[in-house]
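Shown next: my_file04.txt, given as compact mmCIF, C-alpha atoms.
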# COMPACT_ATOMS: atom_id res chain seq x y z
CA MET I 13 66.20 35.42 40.02
CA LYS I 14 63.13 37.60 39.62
CA VAL I 15 63.46 39.97 36.69
CA LYS I 16 61.22 42.67 35.27
CA VAL I 17 62.17 44.41 32.05
CA LYS I 18 60.19 47.28 30.61
CA PHE I 19 60.61 49.30 27.46
CA LYS I 20 59.57 52.93 27.34
CA ASN I 21 60.79 56.01 25.41
CA ASN I 22 63.52 53.97 23.71
CA ILE I 23 64.95 52.94 27.09
CA THR I 24 64.94 49.42 28.50
CA SER I 25 64.75 49.37 32.32
CA VAL I 26 65.74 46.28 34.24
CA ARG I 27 64.78 45.54 37.84
CA LEU I 28 65.89 42.31 39.43
CA LEU I 29 66.07 40.42 42.69
CA ALA I 30 68.67 37.65 42.88
CA LYS I 31 68.00 35.09 45.59
CA HIS I 32 71.26 34.72 47.48
CA PRO I 33 72.28 34.62 51.19
CA MET I 34 75.18 37.11 50.72
CA GLU I 35 77.03 35.70 53.75
CA THR I 36 79.84 38.04 54.74
CA GLY I 37 82.01 35.40 56.39
CA ARG I 38 82.02 37.50 59.57
CA ARG I 39 78.78 36.18 61.07
CA ILE I 40 78.99 33.65 63.87
CA ASN I 41 76.60 30.72 64.27
CA LYS I 42 75.34 31.24 67.84
CA LYS I 43 74.76 27.52 68.46
CA THR I 44 78.16 26.25 67.38
CA GLY I 45 80.22 29.40 67.92
CA GLU I 46 81.74 28.89 64.49
CA LYS I 47 82.00 31.39 61.70
CA ILE I 48 79.55 30.97 58.85
CA PRO I 49 81.68 30.76 55.70
CA ALA I 50 81.49 33.62 53.22
CA LYS I 51 79.16 33.14 50.29
CA TYR I 52 78.39 36.20 48.22
CA ILE I 53 77.82 37.20 44.61
CA GLN I 54 80.93 38.76 43.12
CA GLU I 55 79.77 39.58 39.65
CA LEU I 56 76.50 39.99 37.80
CA THR I 57 76.35 40.70 34.08
CA CYS I 58 73.51 41.59 31.76
CA LYS I 59 73.62 40.96 28.02
CA HIS I 60 71.31 42.15 25.31
CA ASP I 61 71.71 41.22 21.67
CA GLY I 62 75.07 39.58 22.37
CA LYS I 63 76.46 42.75 23.93
CA VAL I 64 77.27 43.29 27.61
CA VAL I 65 75.15 46.23 28.74
CA PHE I 66 75.86 46.13 32.47
CA ILE I 67 78.34 44.61 34.90
CA ALA I 68 77.93 44.80 38.66
CA GLN I 69 80.73 43.81 41.01
CA PHE I 70 79.67 43.14 44.59
CA GLY I 71 81.47 42.91 47.89
CA THR I 72 80.08 41.49 51.11
CA SER I 73 78.16 44.64 52.04
CA VAL I 74 75.45 44.22 49.46
CA SER I 75 72.20 43.14 51.14
CA GLN I 76 70.84 39.61 51.18
CA ASP I 77 68.86 38.79 48.01
CA PRO I 78 70.49 41.64 46.07
CA TYR I 79 68.23 44.14 44.33
CA LEU I 80 69.41 45.98 41.25
CA ALA I 81 67.87 48.49 38.90
CA PHE I 82 69.54 49.87 35.78
CA SER I 83 68.60 50.85 32.25
CA PHE I 84 70.06 51.04 28.79
CA GLU I 85 69.19 52.65 25.47
CA GLY I 86 67.76 50.56 22.68
CA GLY I 87 66.24 47.14 22.86
CA LYS I 88 62.63 46.56 21.85
CA LYS I 89 59.55 44.78 23.10
CA GLY I 90 59.86 41.01 22.70
CA ASP I 91 63.68 41.01 22.85
CA THR I 92 65.30 38.96 25.60
CA ILE I 93 68.08 39.88 28.00
CA GLN I 94 70.40 37.36 29.61
CA LEU I 95 71.56 37.67 33.20
CA ARG I 96 74.25 35.71 34.94
CA TRP I 97 75.85 35.93 38.38
CA ASN I 98 78.71 34.03 39.95
CA ASP I 99 79.64 33.93 43.61
CA ASN I 100 82.88 33.41 45.54
CA THR I 101 82.25 29.67 45.85
CA GLY I 102 81.89 29.18 42.09
CA ASP I 103 78.11 28.88 42.04
CA VAL I 104 76.38 30.43 39.05
CA GLY I 105 72.85 31.72 38.57
CA ARG I 106 71.25 32.48 35.22
CA ALA I 107 68.03 34.03 34.02
CA GLU I 108 66.47 35.21 30.81
CA ALA I 109 63.74 37.78 30.60
CA LYS I 110 61.61 39.24 27.85
CA ILE I 111 61.40 42.96 27.38
CA LYS I 112 57.76 44.01 27.90
CA MET T 4 126.91 15.61 35.27
CA ALA T 5 126.42 18.39 32.76
CA ILE T 6 122.95 18.99 31.34
CA SER T 7 122.90 18.50 27.59
CA ARG T 8 121.59 21.23 25.34
CA ARG T 9 118.55 19.12 24.41
CA LYS T 10 117.70 18.38 28.02
CA PHE T 11 118.00 22.07 28.87
CA LEU T 12 115.57 23.03 26.09
CA ASN T 13 113.14 20.35 27.24
CA ILE T 14 113.12 21.74 30.73
CA LEU T 15 112.50 25.20 29.36
CA THR T 16 109.49 24.21 27.25
CA THR T 17 107.78 22.04 29.86
CA GLY T 18 108.48 24.67 32.49
CA SER T 19 106.94 27.51 30.55
CA ALA T 20 103.95 25.37 29.53
CA ALA T 21 103.30 24.59 33.20
CA CYS T 22 103.52 28.29 34.04
CA LEU T 23 100.99 29.14 31.33
CA THR T 24 98.45 26.57 32.52
CA LEU T 25 98.84 27.87 36.07
CA LEU T 26 98.32 31.46 34.98
CA THR T 27 95.26 31.09 32.73
CA PRO T 28 92.66 30.36 35.42
CA LEU T 29 93.91 33.37 37.35
CA SER T 30 93.40 35.77 34.45
CA ALA T 31 89.90 34.38 33.89
CA PHE T 32 88.88 35.59 37.35
CA ALA T 33 90.78 38.86 37.14
CA ALA T 34 87.60 40.80 36.35
CA TRP T 35 86.43 40.90 39.97
CA ALA T 36 88.46 43.59 41.76
CA ALA T 37 89.54 41.35 44.65
CA ASP T 38 92.23 43.71 45.98
CA ALA T 39 89.89 46.67 46.13
CA PHE T 40 87.05 44.72 47.75
CA LYS T 41 89.38 43.33 50.40
CA ALA T 42 90.81 46.72 51.36
CA THR T 43 89.79 47.68 54.90
CA GLU T 44 90.21 51.43 54.47
CA LEU T 45 88.39 53.79 52.14
CA GLU T 46 91.51 55.43 50.68
CA LEU T 47 93.14 52.09 49.94
CA ALA T 48 89.97 50.78 48.30
CA LEU T 49 89.75 53.92 46.14
CA ASN T 50 93.37 53.61 45.10
CA ARG T 51 93.10 49.96 44.26
CA LEU T 52 89.85 50.25 42.32
CA LEU T 53 90.22 53.59 40.59
CA GLY T 54 93.94 54.32 40.89
CA SER T 55 93.44 57.62 42.72
CA THR T 56 91.96 59.22 45.82
CA GLU T 57 91.47 62.61 44.18
CA LEU T 58 87.72 63.08 44.20
CA ILE T 59 85.95 66.09 42.76
CA GLU T 60 82.88 66.81 44.91
CA SER T 61 80.06 67.40 42.50
CA ASP T 62 76.36 68.18 42.80
CA ASP T 63 75.98 66.60 39.35
CA VAL T 64 76.29 63.25 41.12
CA LYS T 65 72.87 62.54 42.60
CA LEU T 66 73.15 60.20 45.54
CA GLY T 67 69.88 58.93 46.95
CA VAL T 68 70.20 57.49 50.46
CA PRO T 69 68.02 57.92 53.54
CA LYS T 70 69.30 60.24 56.30
CA ILE T 71 68.20 57.70 58.88
CA ALA T 72 68.04 53.95 58.29
CA GLU T 73 66.20 51.86 60.86
CA ASN T 74 67.62 48.66 59.46
CA GLY T 75 71.27 48.67 58.48
CA ALA T 76 70.84 45.32 56.73
CA ALA T 77 69.07 46.80 53.74
CA VAL T 78 69.56 50.46 52.89
CA SER T 79 68.37 51.69 49.50
CA VAL T 80 70.96 53.53 47.45
CA SER T 81 70.58 55.15 44.07
CA VAL T 82 73.23 56.94 42.05
CA LYS T 83 72.43 58.99 39.00
CA THR T 84 74.30 61.58 36.98
CA LYS T 85 74.04 63.69 33.85
CA ILE T 86 77.82 63.78 33.46
CA LYS T 87 78.79 62.51 29.99
CA LYS T 88 80.99 59.53 29.13
CA VAL T 89 80.55 57.72 32.44
CA GLU T 90 82.67 54.58 32.66
CA SER T 91 81.78 53.34 36.10
CA ILE T 92 79.81 54.06 39.27
CA SER T 93 81.10 52.81 42.63
CA ILE T 94 79.64 52.88 46.12
CA PHE T 95 81.74 53.09 49.28
CA VAL T 96 80.68 52.86 52.92
CA LYS T 97 83.46 54.41 55.00
CA GLU T 98 82.78 52.66 58.30
CA ASN T 99 82.13 49.17 56.94
CA PRO T 100 84.82 46.52 57.53
CA GLN T 101 85.40 46.57 53.77
CA PRO T 102 84.39 50.00 52.44
CA LEU T 103 84.01 49.12 48.75
CA THR T 104 80.44 47.86 48.47
CA ALA T 105 79.65 47.70 44.77
CA SER T 106 81.03 48.87 41.47
CA PHE T 107 79.08 49.08 38.22
CA SER T 108 80.51 49.24 34.71
CA ILE T 109 78.53 51.53 32.45
CA PRO T 110 79.22 50.74 28.77
CA ALA T 111 78.24 53.29 26.10
CA GLY T 112 74.45 53.22 25.72
CA THR T 113 73.80 52.26 29.32
CA ARG T 114 72.40 55.04 31.48
CA ALA T 115 74.30 56.33 34.48
CA ASP T 116 71.42 55.54 36.81
CA VAL T 117 71.69 52.60 39.20
CA SER T 118 69.86 51.49 42.35
CA THR T 119 70.59 48.73 44.81
CA ARG T 120 70.37 47.86 48.51
CA ILE T 121 73.39 47.73 50.78
CA ARG T 122 74.43 46.93 54.36
CA LEU T 123 75.68 49.47 56.86
CA ALA T 124 77.45 48.06 59.90
CA GLN T 125 76.94 51.37 61.74
CA THR T 126 76.29 55.05 61.11
CA SER T 127 78.56 55.99 58.24
CA THR T 128 79.25 58.26 55.31
CA VAL T 129 78.17 56.74 52.01
CA THR T 130 80.14 57.93 48.98
CA ALA T 131 79.25 57.50 45.33
CA VAL T 132 82.12 57.85 42.87
CA VAL T 133 81.48 58.39 39.18
CA LYS T 134 84.38 57.83 36.81
CA ALA T 135 84.01 59.84 33.62
CA ASN T 136 86.61 61.12 31.17
CA GLY T 137 89.33 59.79 33.45
CA GLN T 138 88.16 61.99 36.33
CA LEU T 139 86.48 60.97 39.58
CA PHE T 140 83.36 62.86 40.64
CA SER T 141 81.85 62.15 44.02
CA LYS T 142 78.99 62.85 46.36
CA SER T 143 78.82 61.81 50.01
CA GLN T 144 76.09 61.69 52.61
CA GLU T 145 75.90 60.44 56.15
CA VAL T 146 73.38 57.71 56.94
CA LYS T 147 72.44 57.22 60.60
CA VAL T 148 71.75 53.63 61.54
CA THR T 149 69.36 53.09 64.45
CA ILE T 150 70.45 50.10 66.46
CA GLY T 151 67.87 47.66 67.77
CA GLY T 152 65.37 48.39 65.04
CA CYS T 153 62.99 50.18 67.47
CA GLY T 154 62.89 53.23 65.28
CA GLY T 155 64.30 55.49 68.02
In C-alpha cells, write the structure found in this file.
Amino acid sequence: MKVKVKFKNNITSVRLLAKHPMETGRRINKKTGEKIPAKYIQELTCKHDGKVVFIAQFGTSVSQDPYLAFSFEGGKKGDTIQLRWNDNTGDVGRAEAKIK
Amino acid sequence: MAISRRKFLNILTTGSAACLTLLTPLSAFAAWAADAFKATELELALNRLLGSTELIESDDVKLGVPKIAENGAAVSVSVKTKIKKVESISIFVKENPQPLTASFSIPAGTRADVSTRIRLAQTSTVTAVVKANGQLFSKSQEVKVTIGGCGG
C-alpha cells in the first residue's frame, strides 16, 4: 500500500493506492476458458489515535489497485495513521503512515 | 424410551452452545454489506444498503465524474458535500452487473469529501448518495464509455 498523509489547516488528508487485482469473478481466462475466481477488497479502514476515522466498503466495480482520497479534522504532524484492508478470500493488508 | 429431565437439559445446553459458536463468525463479518453489493438492480441495492429508494436530488451533492471516459476500467469519481451531519457516502453505477460500487462511512470529524476510481462496464448513469440526518441526498450524471480505447 502506498500512502501519503499531509496535514494542513487543521485537516489531515490521506491519499492511498492499495495494490490489489480486484478480480470481479466474471472475467474469463482466454487460454483455459475458465472463470478467474473473484478476489477483491471488501473493506478498508483507517484509524488515527485509536479511533476509526474512515471505513470504505468496496464491491467488484472498484478499479484494480484501488485509489482513495479522504480527509479528517485533527491529527498533527508526526502522528501515525493505521490502514487495514481485507478481501473476500480472507487476505489482509496493513500499512502505517506518518502525517507530514 | 422417555428422555429424562437431565438428558433433556443437556441437549438444550449443548445445542444452544453449538448455535452460538456457529453464529459468532457470521456476526464478525456482518460489517460488509453483502446483500447490497450482490444486488443486480439499482433500486434493490439502494433498499438493501440504505433502507429506502427515496432520493432527494440536490445540487449540494457535488459529484465529479468525466462526461466521457475513454477507459471504463478506471474512471475517477469524487463526491463532496457541505450538507451537515453526513453519515455515509455511496456510489452506484446503474448499468453495472452489480450497481453498488462503494460505500464510505463518515464518522464525526471526517470530511464529506471522498475520491476513488471505479469501473464502468458500459455507458451509464453514476449516482452519488449522501446519507445525512436520516435523509438521502443524491446527484447523478451520465458517463459515456468509449469502447476500444481509440478515443473516438
Q: Select, from T:Arg122, T:Lys87, T:Lys147, T:Lys97, the residue with the minimum atom-to-atom distance to chain I, counting all atoms listed in the file.
A: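 The shortest atom-to-atom distance to chain I comes from T:Arg122.
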Give one line per residue of chain T that approaches chain I to at most 12 Å, naming the two atoms of the closest pair and their distance in Å to one decimal, counting all atoms listed in the file; sort by chain then ascending residue number and deliver it as a Markdown table.
| residue | atom | partner | partner_atom | distance |
| --- | --- | --- | --- | --- |
| T:Phe32 | CA | I:Glu55 | CA | 10.2 |
| T:Ala33 | CA | I:Glu55 | CA | 11.3 |
| T:Ala34 | CA | I:Glu55 | CA | 8.6 |
| T:Trp35 | CA | I:Gln69 | CA | 6.5 |
| T:Ala36 | CA | I:Gln69 | CA | 7.8 |
| T:Ala37 | CA | I:Gly71 | CA | 8.8 |
| T:Asp38 | CA | I:Gly71 | CA | 11.0 |
| T:Ala39 | CA | I:Gly71 | CA | 9.4 |
| T:Phe40 | CA | I:Gly71 | CA | 5.9 |
| T:Lys41 | CA | I:Gly71 | CA | 8.3 |
| T:Ala42 | CA | I:Gly71 | CA | 10.7 |
| T:Thr43 | CA | I:Gly71 | CA | 11.9 |
| T:Ala48 | CA | I:Gly71 | CA | 11.6 |
| T:Leu52 | CA | I:Gln69 | CA | 11.2 |
| T:Asn74 | CA | I:Ser75 | CA | 11.0 |
| T:Gly75 | CA | I:Ser75 | CA | 9.2 |
| T:Ala76 | CA | I:Ser75 | CA | 6.2 |
| T:Ala77 | CA | I:Ser75 | CA | 5.5 |
| T:Val78 | CA | I:Ser75 | CA | 8.0 |
| T:Ser79 | CA | I:Tyr79 | CA | 9.2 |
| T:Val80 | CA | I:Leu80 | CA | 9.9 |
| T:Ser81 | CA | I:Ala81 | CA | 8.9 |
| T:Val82 | CA | I:Phe82 | CA | 10.1 |
| T:Lys83 | CA | I:Phe82 | CA | 10.1 |
| T:Glu90 | CA | I:Phe66 | CA | 10.9 |
| T:Ser91 | CA | I:Ile67 | CA | 9.5 |
| T:Ile92 | CA | I:Ala68 | CA | 9.5 |
| T:Ser93 | CA | I:Gln69 | CA | 9.2 |
| T:Ile94 | CA | I:Phe70 | CA | 9.9 |
| T:Phe95 | CA | I:Ser73 | CA | 9.6 |
| T:Val96 | CA | I:Ser73 | CA | 8.6 |
| T:Lys97 | CA | I:Ser73 | CA | 11.5 |
| T:Glu98 | CA | I:Ser73 | CA | 11.2 |
| T:Asn99 | CA | I:Ser73 | CA | 7.8 |
| T:Pro100 | CA | I:Ser73 | CA | 8.8 |
| T:Gln101 | CA | I:Ser73 | CA | 7.7 |
| T:Pro102 | CA | I:Ser73 | CA | 8.2 |
| T:Leu103 | CA | I:Gly71 | CA | 6.8 |
| T:Thr104 | CA | I:Gly71 | CA | 5.1 |
| T:Ala105 | CA | I:Phe70 | CA | 4.6 |
| T:Ser106 | CA | I:Gln69 | CA | 5.1 |
| T:Phe107 | CA | I:Ala68 | CA | 4.5 |
| T:Ser108 | CA | I:Ile67 | CA | 5.1 |
| T:Ile109 | CA | I:Phe66 | CA | 6.0 |
| T:Pro110 | CA | I:Val65 | CA | 6.1 |
| T:Ala111 | CA | I:Val65 | CA | 8.1 |
| T:Gly112 | CA | I:Glu85 | CA | 5.3 |
| T:Thr113 | CA | I:Phe84 | CA | 4.0 |
| T:Arg114 | CA | I:Phe84 | CA | 5.4 |
| T:Ala115 | CA | I:Phe82 | CA | 8.1 |
| T:Asp116 | CA | I:Phe82 | CA | 6.1 |
| T:Val117 | CA | I:Phe82 | CA | 4.9 |
| T:Ser118 | CA | I:Ala81 | CA | 5.0 |
| T:Thr119 | CA | I:Leu80 | CA | 4.7 |
| T:Arg120 | CA | I:Ser75 | CA | 5.7 |
| T:Ile121 | CA | I:Val74 | CA | 4.3 |
| T:Arg122 | CA | I:Ser73 | CA | 5.0 |
| T:Leu123 | CA | I:Ser73 | CA | 7.3 |
| T:Ala124 | CA | I:Ser73 | CA | 8.6 |
| T:Gln125 | CA | I:Ser73 | CA | 11.9 |
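Across the structure, atom CA of I:Val104 and atom CA of I:Thr36 are spaced 17.8 Å apart.
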Q. By how many Å are atom CA of I:Leu95 and atom CA of I:Glu108 apart?
A.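 Atom-to-atom, atom CA of I:Leu95 and atom CA of I:Glu108 are spaced 6.1 Å apart.
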Q | One-decimal distance in Å that lies between atom CA of T:Val89 and atom CA of T:Glu57 | A |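 Interatomic distance here is 16.8 Å.
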Q. Counting all atoms listed in the file, which of I:Ile53, I:Met13, I:Ile93, I:Ile111 gets nearest to I:Ala30?
A.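 Checking each of I:Ile53, I:Met13, I:Ile93, I:Ile111 against I:Ala30, counting all atoms listed in the file, the winner is I:Met13.
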(Q) I'd like to know which of I:His60, I:Arg106, I:Lys47, I:Lys112 is closest to I:Lys14, using only C-alpha atoms. (A)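 Among I:His60, I:Arg106, I:Lys47, I:Lys112, it is I:Arg106 that comes nearest to I:Lys14.
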